[in-house]
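Source file: query-v1.txt (compact mmCIF, N, CA and C atoms and all ligand atoms)
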```
# COMPACT_ATOMS: atom_id res chain seq x y z
N MET M 99 -7.50 2.05 -46.18
CA MET M 99 -7.86 1.11 -45.09
C MET M 99 -9.35 0.81 -45.16
N THR M 100 -9.70 -0.44 -45.13
CA THR M 100 -11.11 -0.81 -45.16
C THR M 100 -11.72 -0.61 -43.78
N PHE M 101 -13.04 -0.70 -43.74
CA PHE M 101 -13.72 -0.56 -42.46
C PHE M 101 -13.25 -1.63 -41.47
N SER M 102 -13.15 -2.89 -41.95
CA SER M 102 -12.77 -3.96 -41.01
C SER M 102 -11.35 -3.80 -40.50
N GLN M 103 -10.47 -3.28 -41.37
CA GLN M 103 -9.10 -3.03 -40.90
C GLN M 103 -9.07 -1.94 -39.83
N ALA M 104 -9.89 -0.90 -40.07
CA ALA M 104 -9.95 0.19 -39.10
C ALA M 104 -10.50 -0.32 -37.77
N ALA M 105 -11.54 -1.13 -37.83
CA ALA M 105 -12.15 -1.66 -36.61
C ALA M 105 -11.13 -2.51 -35.86
N PHE M 106 -10.38 -3.30 -36.61
CA PHE M 106 -9.37 -4.16 -35.97
C PHE M 106 -8.31 -3.31 -35.27
N SER M 107 -7.88 -2.23 -35.94
CA SER M 107 -6.86 -1.36 -35.35
C SER M 107 -7.36 -0.71 -34.06
N ILE M 108 -8.61 -0.30 -34.09
CA ILE M 108 -9.18 0.33 -32.89
C ILE M 108 -9.26 -0.68 -31.74
N ALA M 109 -9.70 -1.92 -32.08
CA ALA M 109 -9.81 -2.95 -31.06
C ALA M 109 -8.44 -3.24 -30.45
N LEU M 110 -7.43 -3.24 -31.30
CA LEU M 110 -6.07 -3.51 -30.83
C LEU M 110 -5.62 -2.41 -29.86
N LEU M 111 -5.90 -1.16 -30.24
CA LEU M 111 -5.51 -0.03 -29.39
C LEU M 111 -6.23 -0.10 -28.04
N LEU M 112 -7.52 -0.41 -28.07
CA LEU M 112 -8.29 -0.50 -26.83
C LEU M 112 -7.75 -1.62 -25.96
N GLY M 113 -7.41 -2.73 -26.63
CA GLY M 113 -6.89 -3.88 -25.89
C GLY M 113 -5.60 -3.54 -25.20
N LEU M 114 -4.70 -2.86 -25.91
CA LEU M 114 -3.43 -2.48 -25.30
C LEU M 114 -3.65 -1.51 -24.15
N GLY M 115 -4.64 -0.62 -24.33
CA GLY M 115 -4.91 0.36 -23.30
C GLY M 115 -5.40 -0.26 -22.01
N CYS M 116 -5.92 -1.49 -22.08
CA CYS M 116 -6.45 -2.14 -20.88
C CYS M 116 -5.36 -2.79 -20.05
N GLN M 117 -4.18 -2.93 -20.63
CA GLN M 117 -3.13 -3.61 -19.86
C GLN M 117 -2.59 -2.67 -18.80
N GLY M 118 -2.63 -3.09 -17.57
CA GLY M 118 -2.14 -2.25 -16.50
C GLY M 118 -1.89 -3.07 -15.27
N PRO M 119 -1.36 -2.46 -14.23
CA PRO M 119 -1.00 -3.19 -13.02
C PRO M 119 -2.16 -3.38 -12.06
N SER M 120 -3.38 -2.99 -12.47
CA SER M 120 -4.46 -2.93 -11.49
C SER M 120 -5.35 -4.16 -11.45
N ALA M 121 -4.98 -5.24 -12.16
CA ALA M 121 -5.85 -6.42 -12.19
C ALA M 121 -6.16 -6.95 -10.79
N ALA M 122 -5.15 -6.97 -9.93
CA ALA M 122 -5.36 -7.51 -8.58
C ALA M 122 -6.25 -6.59 -7.74
N GLU M 123 -6.17 -5.29 -8.02
CA GLU M 123 -6.95 -4.35 -7.22
C GLU M 123 -8.42 -4.35 -7.61
N THR M 124 -8.69 -4.57 -8.90
CA THR M 124 -10.05 -4.42 -9.36
C THR M 124 -10.97 -5.55 -8.91
N ASP M 125 -10.40 -6.71 -8.48
CA ASP M 125 -11.32 -7.76 -8.03
C ASP M 125 -11.64 -7.66 -6.53
N ALA M 126 -11.10 -6.64 -5.89
CA ALA M 126 -11.45 -6.42 -4.49
C ALA M 126 -12.84 -5.79 -4.44
N PRO M 127 -13.68 -6.25 -3.53
CA PRO M 127 -15.03 -5.67 -3.47
C PRO M 127 -14.97 -4.23 -2.99
N PRO M 128 -15.79 -3.37 -3.56
CA PRO M 128 -15.81 -1.99 -3.06
C PRO M 128 -16.38 -1.99 -1.65
N SER M 129 -15.93 -1.11 -0.83
CA SER M 129 -16.45 -1.06 0.54
C SER M 129 -16.87 0.36 0.88
N ALA M 130 -17.67 0.47 1.91
CA ALA M 130 -18.13 1.78 2.36
C ALA M 130 -16.94 2.64 2.78
N GLU M 131 -15.95 2.00 3.41
CA GLU M 131 -14.78 2.74 3.88
C GLU M 131 -14.04 3.39 2.71
N GLU M 132 -13.91 2.64 1.60
CA GLU M 132 -13.19 3.18 0.45
C GLU M 132 -13.89 4.41 -0.12
N THR M 133 -15.21 4.36 -0.15
CA THR M 133 -15.93 5.49 -0.71
C THR M 133 -15.81 6.72 0.18
N LYS M 134 -15.48 6.51 1.45
CA LYS M 134 -15.28 7.64 2.35
C LYS M 134 -13.84 8.14 2.30
N GLY M 135 -13.01 7.44 1.51
CA GLY M 135 -11.64 7.89 1.34
C GLY M 135 -10.70 7.43 2.44
N SER M 136 -11.14 6.52 3.30
CA SER M 136 -10.25 6.01 4.34
C SER M 136 -9.83 4.58 3.97
N ARG M 137 -9.31 3.86 4.92
CA ARG M 137 -8.77 2.53 4.63
C ARG M 137 -9.84 1.52 4.20
N PRO M 138 -9.45 0.61 3.31
CA PRO M 138 -10.40 -0.44 2.96
C PRO M 138 -10.62 -1.35 4.16
N GLU M 139 -11.72 -2.08 4.17
CA GLU M 139 -12.03 -2.96 5.31
C GLU M 139 -11.41 -4.33 5.17
N VAL M 140 -11.12 -4.72 3.93
CA VAL M 140 -10.58 -6.06 3.69
C VAL M 140 -9.29 -5.95 2.91
N TRP M 141 -8.28 -6.64 3.38
CA TRP M 141 -6.98 -6.64 2.71
C TRP M 141 -6.69 -8.04 2.18
N GLU M 142 -5.88 -8.10 1.13
CA GLU M 142 -5.47 -9.40 0.60
C GLU M 142 -3.95 -9.45 0.59
N THR M 143 -3.39 -10.58 1.00
CA THR M 143 -1.94 -10.74 0.97
C THR M 143 -1.60 -12.22 0.85
N LYS M 144 -0.31 -12.48 0.78
CA LYS M 144 0.20 -13.85 0.71
C LYS M 144 0.97 -14.14 1.98
N GLY M 145 1.12 -15.42 2.26
CA GLY M 145 1.91 -15.78 3.43
C GLY M 145 2.18 -17.27 3.47
N VAL M 146 2.81 -17.68 4.58
CA VAL M 146 3.09 -19.10 4.82
C VAL M 146 2.55 -19.44 6.20
N ILE M 147 1.80 -20.54 6.28
CA ILE M 147 1.22 -20.95 7.56
C ILE M 147 2.31 -21.47 8.49
N LYS M 148 2.40 -20.86 9.68
CA LYS M 148 3.40 -21.27 10.67
C LYS M 148 2.79 -22.21 11.70
N ARG M 149 1.52 -21.97 12.05
CA ARG M 149 0.91 -22.75 13.11
C ARG M 149 -0.60 -22.75 12.95
N ILE M 150 -1.18 -23.93 13.19
CA ILE M 150 -2.64 -24.05 13.16
C ILE M 150 -3.10 -24.50 14.54
N GLU M 151 -3.98 -23.70 15.16
CA GLU M 151 -4.49 -24.03 16.49
C GLU M 151 -6.02 -24.06 16.42
N ARG M 152 -6.53 -25.27 16.15
CA ARG M 152 -7.99 -25.42 16.00
C ARG M 152 -8.74 -25.09 17.28
N ASP M 153 -8.15 -25.46 18.43
CA ASP M 153 -8.85 -25.22 19.69
C ASP M 153 -8.99 -23.72 19.99
N ARG M 154 -8.01 -22.96 19.53
CA ARG M 154 -8.03 -21.51 19.75
C ARG M 154 -8.76 -20.79 18.62
N GLY M 155 -8.87 -21.47 17.47
CA GLY M 155 -9.53 -20.87 16.32
C GLY M 155 -8.62 -19.95 15.53
N THR M 156 -7.30 -20.23 15.57
CA THR M 156 -6.38 -19.34 14.87
C THR M 156 -5.45 -20.07 13.91
N ILE M 157 -5.01 -19.33 12.93
CA ILE M 157 -3.96 -19.76 12.01
C ILE M 157 -2.90 -18.67 12.08
N THR M 158 -1.71 -19.06 12.51
CA THR M 158 -0.61 -18.09 12.58
C THR M 158 0.11 -18.11 11.25
N ILE M 159 0.22 -16.94 10.64
CA ILE M 159 0.75 -16.82 9.28
C ILE M 159 1.89 -15.80 9.25
N HIS M 160 2.98 -16.19 8.59
CA HIS M 160 3.99 -15.18 8.26
C HIS M 160 3.53 -14.54 6.96
N HIS M 161 2.99 -13.33 7.05
CA HIS M 161 2.43 -12.69 5.86
C HIS M 161 3.40 -11.67 5.26
N GLU M 162 3.20 -11.41 3.98
CA GLU M 162 4.01 -10.42 3.28
C GLU M 162 3.54 -9.01 3.66
N ASP M 163 4.28 -8.03 3.21
CA ASP M 163 3.94 -6.63 3.42
C ASP M 163 2.52 -6.36 2.90
N VAL M 164 1.72 -5.65 3.68
CA VAL M 164 0.38 -5.23 3.25
C VAL M 164 0.47 -3.72 3.07
N PRO M 165 0.66 -3.26 1.83
CA PRO M 165 0.94 -1.84 1.60
C PRO M 165 -0.09 -0.92 2.25
N GLY M 166 0.37 0.03 2.99
CA GLY M 166 -0.49 1.00 3.65
C GLY M 166 -1.10 0.52 4.94
N TYR M 167 -0.77 -0.72 5.35
CA TYR M 167 -1.39 -1.23 6.57
C TYR M 167 -0.40 -1.87 7.54
N MET M 168 0.35 -2.89 7.06
CA MET M 168 1.28 -3.59 7.95
C MET M 168 2.51 -4.04 7.17
N PRO M 169 3.67 -4.02 7.81
CA PRO M 169 4.84 -4.64 7.18
C PRO M 169 4.72 -6.16 7.29
N ALA M 170 5.63 -6.88 6.64
CA ALA M 170 5.65 -8.33 6.76
C ALA M 170 5.90 -8.72 8.21
N MET M 171 5.19 -9.75 8.67
CA MET M 171 5.37 -10.22 10.06
C MET M 171 4.67 -11.56 10.23
N THR M 172 4.91 -12.17 11.39
CA THR M 172 4.19 -13.39 11.75
C THR M 172 3.17 -13.03 12.82
N MET M 173 1.92 -13.38 12.59
CA MET M 173 0.86 -13.03 13.54
C MET M 173 -0.31 -13.99 13.40
N PRO M 174 -1.14 -14.10 14.45
CA PRO M 174 -2.31 -14.98 14.37
C PRO M 174 -3.48 -14.31 13.67
N PHE M 175 -4.20 -15.09 12.91
CA PHE M 175 -5.46 -14.65 12.30
C PHE M 175 -6.55 -15.59 12.79
N TRP M 176 -7.69 -15.03 13.16
CA TRP M 176 -8.82 -15.83 13.63
C TRP M 176 -9.67 -16.27 12.45
N VAL M 177 -10.10 -17.53 12.47
CA VAL M 177 -10.99 -18.00 11.42
C VAL M 177 -12.42 -17.56 11.77
N GLU M 178 -13.23 -17.37 10.74
CA GLU M 178 -14.62 -17.00 10.99
C GLU M 178 -15.49 -18.23 11.15
N SER M 179 -15.03 -19.37 10.57
CA SER M 179 -15.72 -20.63 10.80
C SER M 179 -14.70 -21.76 10.69
N ALA M 180 -14.98 -22.86 11.39
CA ALA M 180 -14.02 -23.96 11.48
C ALA M 180 -13.70 -24.57 10.12
N ASP M 181 -14.62 -24.46 9.16
CA ASP M 181 -14.34 -25.09 7.86
C ASP M 181 -13.21 -24.39 7.10
N GLN M 182 -12.80 -23.21 7.58
CA GLN M 182 -11.65 -22.54 6.94
C GLN M 182 -10.33 -23.28 7.20
N PHE M 183 -10.34 -24.19 8.19
CA PHE M 183 -9.14 -24.98 8.47
C PHE M 183 -8.95 -26.10 7.43
N GLU M 184 -10.04 -26.47 6.77
CA GLU M 184 -10.01 -27.66 5.91
C GLU M 184 -8.99 -27.51 4.78
N GLY M 185 -8.20 -28.56 4.60
CA GLY M 185 -7.24 -28.61 3.51
C GLY M 185 -5.96 -27.82 3.76
N LEU M 186 -5.82 -27.22 4.95
CA LEU M 186 -4.64 -26.42 5.23
C LEU M 186 -3.72 -27.14 6.23
N ALA M 187 -2.42 -26.95 6.05
CA ALA M 187 -1.44 -27.55 6.94
C ALA M 187 -0.31 -26.55 7.21
N GLU M 188 0.37 -26.75 8.31
CA GLU M 188 1.51 -25.90 8.62
C GLU M 188 2.54 -26.04 7.51
N GLY M 189 3.12 -24.92 7.09
CA GLY M 189 4.08 -24.94 5.99
C GLY M 189 3.46 -24.59 4.63
N ASP M 190 2.12 -24.58 4.56
CA ASP M 190 1.47 -24.25 3.28
C ASP M 190 1.67 -22.77 2.93
N ALA M 191 1.92 -22.52 1.65
CA ALA M 191 1.94 -21.15 1.14
C ALA M 191 0.50 -20.81 0.74
N VAL M 192 0.02 -19.67 1.20
CA VAL M 192 -1.39 -19.32 0.97
C VAL M 192 -1.55 -17.88 0.48
N THR M 193 -2.70 -17.65 -0.14
CA THR M 193 -3.17 -16.31 -0.43
C THR M 193 -4.44 -16.15 0.39
N PHE M 194 -4.58 -15.03 1.08
CA PHE M 194 -5.78 -14.88 1.91
C PHE M 194 -6.23 -13.43 2.02
N ARG M 195 -7.49 -13.30 2.41
CA ARG M 195 -8.06 -11.99 2.64
C ARG M 195 -8.43 -11.92 4.11
N PHE M 196 -8.26 -10.76 4.71
CA PHE M 196 -8.60 -10.63 6.11
C PHE M 196 -9.21 -9.27 6.39
N ARG M 197 -9.87 -9.21 7.53
CA ARG M 197 -10.45 -7.93 7.96
C ARG M 197 -10.08 -7.73 9.43
N ARG M 198 -10.13 -6.51 9.85
CA ARG M 198 -9.85 -6.20 11.24
C ARG M 198 -11.16 -6.15 12.00
N GLY M 199 -11.21 -6.92 13.09
CA GLY M 199 -12.44 -6.95 13.90
C GLY M 199 -12.48 -5.79 14.86
N GLU M 200 -13.61 -5.63 15.51
CA GLU M 200 -13.86 -4.51 16.41
C GLU M 200 -12.88 -4.52 17.58
N ASP M 201 -12.48 -5.73 18.01
CA ASP M 201 -11.61 -5.84 19.19
C ASP M 201 -10.13 -5.91 18.84
N GLY M 202 -9.80 -5.56 17.60
CA GLY M 202 -8.39 -5.55 17.21
C GLY M 202 -7.89 -6.87 16.66
N LYS M 203 -8.71 -7.93 16.76
CA LYS M 203 -8.32 -9.20 16.16
C LYS M 203 -8.48 -9.11 14.65
N HIS M 204 -7.69 -9.90 13.95
CA HIS M 204 -7.82 -9.97 12.49
C HIS M 204 -8.45 -11.27 12.11
N PHE M 205 -9.48 -11.22 11.29
CA PHE M 205 -10.24 -12.40 10.89
C PHE M 205 -10.00 -12.74 9.43
N ILE M 206 -9.88 -14.05 9.16
CA ILE M 206 -9.70 -14.51 7.78
C ILE M 206 -11.06 -14.51 7.09
N VAL M 207 -11.12 -13.79 5.98
CA VAL M 207 -12.34 -13.73 5.18
C VAL M 207 -12.36 -14.90 4.21
N SER M 208 -11.22 -15.16 3.56
CA SER M 208 -11.08 -16.30 2.67
C SER M 208 -9.60 -16.66 2.62
N ILE M 209 -9.33 -17.93 2.39
CA ILE M 209 -7.94 -18.39 2.36
C ILE M 209 -7.82 -19.57 1.42
N LYS M 210 -6.76 -19.58 0.61
CA LYS M 210 -6.55 -20.72 -0.28
C LYS M 210 -5.05 -20.95 -0.49
N LYS M 211 -4.71 -22.20 -0.76
CA LYS M 211 -3.31 -22.53 -1.03
C LYS M 211 -2.92 -21.98 -2.40
N ARG M 212 -1.65 -21.63 -2.54
CA ARG M 212 -1.18 -21.15 -3.83
C ARG M 212 -0.05 -22.02 -4.34
CU CU Y 1 0.56 -8.40 10.47
```
When written as structure tokens, how does the structure in this file appear?
Amino acid sequence: MTFSQAAFSIALLLGLGCQGPSAAETDAPPSAEETKGSRPEVWETKGVIKRIERDRGTITIHHEDVPGYMPAMTMPFWVESADQFEGLAEGDAVTFRFRRGEDGKHFIVSIKKR
């Protein structure tokens, strides 16, 4: 085996070793809570928009199961700024990130159609 063949084989092995189920987890920002070993502060899930109430500042979403936090359900999420409503309509399938506020409300950190 030549040097270049050996290098190629090693690269192939390393490449295969990188394949895993954690791609979605690794793009989550690290948080102080995680380093303390408790729950993360921001969760990401998918859902379908059921209702948009601009006057109230909420988007009601039927979201999928959030492992370790909530089962699938329909609930309101508060926007952090009005521009988060832009481009969204009832019935849209979305992927979004949210955090739990101090008063128990859940706030949308980011949201996009899928
Ligand atoms: Cu919920």
Legend entry - Selected residue, from M:Val207, M:Asp163, M:Phe196, M:Arg149, that lies nearest to Glu178 of chain M when counting only N, CA and C atoms: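 That would be M:Val207, the residue with the smallest distance to Glu178 of chain M.
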Using all atoms listed in the file, what are the residues with an atom within 7 Å of ligand CU 1 (chain Y), set out as a PDB file with N, CA and C atoms, in the frame of the given file?
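This is the output file result_14.pdb:
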```
ATOM      1  N   HIS M 161       2.990 -13.330   7.050  1.00  0.00           N
ATOM      2  CA  HIS M 161       2.430 -12.690   5.860  1.00  0.00           C
ATOM      3  C   HIS M 161       3.400 -11.670   5.260  1.00  0.00           C
ATOM      4  N   MET M 168       0.350  -2.890   7.060  1.00  0.00           N
ATOM      5  CA  MET M 168       1.280  -3.590   7.950  1.00  0.00           C
ATOM      6  C   MET M 168       2.510  -4.040   7.170  1.00  0.00           C
ATOM      7  N   PRO M 169       3.670  -4.020   7.810  1.00  0.00           N
ATOM      8  CA  PRO M 169       4.840  -4.640   7.180  1.00  0.00           C
ATOM      9  C   PRO M 169       4.720  -6.160   7.290  1.00  0.00           C
ATOM     10  N   ALA M 170       5.630  -6.880   6.640  1.00  0.00           N
ATOM     11  CA  ALA M 170       5.650  -8.330   6.760  1.00  0.00           C
ATOM     12  C   ALA M 170       5.900  -8.720   8.210  1.00  0.00           C
ATOM     13  N   MET M 171       5.190  -9.750   8.670  1.00  0.00           N
ATOM     14  CA  MET M 171       5.370 -10.220  10.060  1.00  0.00           C
ATOM     15  C   MET M 171       4.670 -11.560  10.230  1.00  0.00           C
ATOM     16  N   THR M 172       4.910 -12.170  11.390  1.00  0.00           N
ATOM     17  CA  THR M 172       4.190 -13.390  11.750  1.00  0.00           C
ATOM     18  C   THR M 172       3.170 -13.030  12.820  1.00  0.00           C
ATOM     19  N   MET M 173       1.920 -13.380  12.590  1.00  0.00           N
ATOM     20  CA  MET M 173       0.860 -13.030  13.540  1.00  0.00           C
ATOM     21  C   MET M 173      -0.310 -13.990  13.400  1.00  0.00           C
TER      22      MET M 173
END
```
Inset, instruction - May I ask for the distance between atom N of Lys148 of chain M and atom CA of Gly185 of chain M, given in Å to one decimal place? - result: 13.8 Å
Legend entry - Within 5 Å of Pro174 of chain M using only N, CA and C atoms, minus same-chain residues under 2 positions, as a list in words: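 Here the qualifying residues turn out to be Ile157, Thr158, Ile159, Thr172 and Trp176 of chain M.
Relative to atom CA of Arg212 of chain M, atom CA of Ala191 of chain M is found at 5.9 Å.
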Legend entry - Contact residues around Trp141 of chain M with all atoms listed in the file at 6 Å, ignoring same-chain residues under 3 positions, as an MDAnalysis selection string: chainID M and resid 138 194:197
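One distance worth recording is that between atom C of Val146 of chain M and atom C of His160 of chain M, which is 5.1 Å.
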Can you tell me, as a CSV table (one decimal) with N, CA and C atoms, in the coordinates of the input, what residues are no more than 12 Å from Asp181 of chain M when counting only C-alpha atoms, ignoring any on the same chain fewer than 6 positions away?
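What follows is the written file part18.csv:
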```
chain,number,residue,atom,x,y,z
M,152,ARG,N,-6.5,-25.3,16.2
M,152,ARG,CA,-8.0,-25.4,16.0
M,152,ARG,C,-8.7,-25.1,17.3
M,155,GLY,N,-8.9,-21.5,17.5
M,155,GLY,CA,-9.5,-20.9,16.3
M,155,GLY,C,-8.6,-20.0,15.5
M,206,ILE,N,-9.9,-14.0,9.2
M,206,ILE,CA,-9.7,-14.5,7.8
M,206,ILE,C,-11.1,-14.5,7.1
M,207,VAL,N,-11.1,-13.8,6.0
M,207,VAL,CA,-12.3,-13.7,5.2
M,207,VAL,C,-12.4,-14.9,4.2
M,208,SER,N,-11.2,-15.2,3.6
M,208,SER,CA,-11.1,-16.3,2.7
M,208,SER,C,-9.6,-16.7,2.6
M,209,ILE,N,-9.3,-17.9,2.4
M,209,ILE,CA,-7.9,-18.4,2.4
M,209,ILE,C,-7.8,-19.6,1.4
```
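Using only N, CA and C atoms, the shortest contact distance between Phe175 of chain M and any of M:Arg198, M:His204, M:Gly189, M:Arg154 is found at M:His204.
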Inset, instruction - Counting only N, CA and C atoms, note down every residue that has an atom within 6 Å of the point (-2.8, -24.1, 8.8) (file coordinates), as a PyMOL selection string. - result: chain M and resi 147+149-150+157+186-188
